[in-house]
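Peer 1: Shown below is the structure under consideration.
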Amino acid sequence: MLLRKIKSEELAEVYQMGYAAWPKGRTYKEYVRDNQKEETYGIRYVYVNEENQIIGSFILLLLQTPRLKFALHGIGSVVVHQLYQRMGYGRDMLEDFLKR
C-alpha cells in the first residue's frame with residue numbers, strides 16, 4: 001500500500017466514497033460543494049494498492065486562528081472504500097501517516 005497526496009483527477013472518486021458514507025440528507029452536488037471548501041484548508045491524501053486503486057482517503061487540515069500562536073492540525077473526512085471496509089485499512093492508512 002502507498003499513501004500519497006491526491007491527484008486532482010481522483011477527487012470525484014473520493015467524493016463518491018464519502019457521499020456513500022455520509023450523505024446527511026444532501027444531494028451529491030451539495031455534498032461535493034461542501035467538501036470542496038475543505039480543500040482550501042488542507043491536503044487530501046489517498047491510500048492506494050499496487051494497482052493504484054484507491055482504498056481510502058482523508059484530509060489533513062491546518063487550523064489557524066488569530067489567537068493561536070502555533071499551527072493546529074486535524075484529520076478529517078476519513079473514508080475507506082466499501083469493498084475494503086472492516087479489513088483494517090483505515091487504521092493502517094492513519095498509522096502510516098502518523099509515522100511520517
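Scheme for the C-alpha cells: letters A, B, ... for chains in order shown; per-chain residue numbers from 1; ligand numbers from 1 in order shown.
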In chain A, what's strand (DSSP E or B) per DSSP? Answer as a ChimeraX atom specification?
Peer 2: /A:2-5,42-48,54-63,72-80
Peer 1: So that I have them on file, write out the residues from the current selection with N, CA and C atoms, as a short mmCIF file (atom, residue, chain, number, x, y, z; two decimals), in the first residue's frame.
Peer 2:
data_model
loop_
_atom_site.label_atom_id
_atom_site.label_comp_id
_atom_site.auth_asym_id
_atom_site.auth_seq_id
_atom_site.Cartn_x
_atom_site.Cartn_y
_atom_site.Cartn_z
N LEU A 2 0.37 2.28 -0.61
CA LEU A 2 1.09 3.54 -0.72
C LEU A 2 0.17 4.68 -0.28
N LEU A 3 0.68 5.56 0.56
CA LEU A 3 -0.03 6.76 0.98
C LEU A 3 0.59 7.93 0.24
N ARG A 4 -0.24 8.72 -0.43
CA ARG A 4 0.27 9.86 -1.19
C ARG A 4 -0.79 10.95 -1.28
N LYS A 5 -0.35 12.14 -1.70
CA LYS A 5 -1.29 13.23 -1.93
C LYS A 5 -2.20 12.86 -3.10
N GLY A 42 -6.61 22.37 3.65
CA GLY A 42 -5.79 21.21 3.95
C GLY A 42 -5.28 20.49 2.73
N ILE A 43 -4.72 19.33 2.99
CA ILE A 43 -4.16 18.47 1.95
C ILE A 43 -4.85 17.12 2.06
N ARG A 44 -5.41 16.67 0.96
CA ARG A 44 -6.10 15.38 0.94
C ARG A 44 -5.12 14.30 0.50
N TYR A 45 -5.17 13.17 1.18
CA TYR A 45 -4.31 12.03 0.89
C TYR A 45 -5.17 10.84 0.48
N VAL A 46 -4.56 9.96 -0.32
CA VAL A 46 -5.22 8.69 -0.67
C VAL A 46 -4.27 7.55 -0.32
N TYR A 47 -4.87 6.43 -0.01
CA TYR A 47 -4.17 5.18 0.29
C TYR A 47 -4.50 4.26 -0.88
N VAL A 48 -3.49 3.87 -1.64
CA VAL A 48 -3.72 3.09 -2.85
C VAL A 48 -3.00 1.75 -2.78
N ILE A 54 -7.79 3.28 -5.34
CA ILE A 54 -7.95 4.00 -4.07
C ILE A 54 -8.68 3.11 -3.06
N ILE A 55 -8.00 2.87 -1.95
CA ILE A 55 -8.56 2.08 -0.84
C ILE A 55 -9.25 3.01 0.15
N GLY A 56 -8.62 4.14 0.44
CA GLY A 56 -9.17 5.08 1.41
C GLY A 56 -8.60 6.46 1.21
N SER A 57 -9.10 7.39 2.01
CA SER A 57 -8.69 8.78 1.89
C SER A 57 -8.95 9.52 3.20
N PHE A 58 -8.25 10.62 3.38
CA PHE A 58 -8.51 11.55 4.48
C PHE A 58 -7.93 12.90 4.11
N ILE A 59 -8.28 13.91 4.88
CA ILE A 59 -7.71 15.23 4.66
C ILE A 59 -7.02 15.70 5.93
N LEU A 60 -5.84 16.27 5.77
CA LEU A 60 -5.11 16.88 6.88
C LEU A 60 -5.40 18.37 6.82
N LEU A 61 -6.09 18.87 7.84
CA LEU A 61 -6.49 20.27 7.88
C LEU A 61 -5.53 21.09 8.72
N LEU A 62 -5.25 22.29 8.26
CA LEU A 62 -4.44 23.24 9.01
C LEU A 62 -5.41 24.28 9.57
N LEU A 63 -5.52 24.31 10.89
CA LEU A 63 -6.46 25.20 11.55
C LEU A 63 -5.68 26.33 12.22
N LEU A 72 -2.26 24.36 14.30
CA LEU A 72 -3.01 23.23 14.82
C LEU A 72 -3.51 22.42 13.63
N HIS A 73 -3.26 21.13 13.65
CA HIS A 73 -3.69 20.27 12.55
C HIS A 73 -4.79 19.32 13.02
N GLY A 74 -5.63 18.95 12.08
CA GLY A 74 -6.68 17.98 12.35
C GLY A 74 -6.81 17.03 11.17
N ILE A 75 -7.29 15.85 11.44
CA ILE A 75 -7.52 14.86 10.39
C ILE A 75 -9.03 14.71 10.25
N GLY A 76 -9.52 14.81 9.03
CA GLY A 76 -10.95 14.72 8.80
C GLY A 76 -11.29 13.94 7.55
N SER A 77 -12.57 13.75 7.37
CA SER A 77 -13.11 13.07 6.19
C SER A 77 -12.41 11.74 5.91
N VAL A 78 -12.21 10.97 6.95
CA VAL A 78 -11.58 9.65 6.81
C VAL A 78 -12.61 8.70 6.21
N VAL A 79 -12.26 8.07 5.11
CA VAL A 79 -13.19 7.15 4.44
C VAL A 79 -12.40 6.00 3.82
N VAL A 80 -13.01 4.82 3.86
CA VAL A 80 -12.45 3.63 3.22
C VAL A 80 -13.50 3.13 2.24
#
Peer 1: Please run DSSP on the backbone and report, as an MDAnalysis selection string, all residues within chain A that come out as alpha helix (DSSP H).
Peer 2: chainID A and resid 11:21 28:39 89:99
Peer 1: What's the 12 Å shell around A:Arg33, counting only C-alpha atoms, without same-chain residues fewer than 5 positions away, as a CSV table (one decimal) with C-alpha atoms, in the first residue's frame?
Peer 2:
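The new file out.csv reads:
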chain,number,residue,atom,x,y,z
A,12,ALA,CA,-14.5,12.7,-7.9
A,15,TYR,CA,-16.1,12.4,-3.1
A,19,TYR,CA,-21.0,10.6,-0.2
A,26,ARG,CA,-27.7,16.3,0.9
A,27,THR,CA,-27.7,15.7,-2.9
A,28,TYR,CA,-24.4,14.6,-4.3
A,38,GLU,CA,-12.1,21.7,2.9
A,39,GLU,CA,-9.6,21.6,0.0
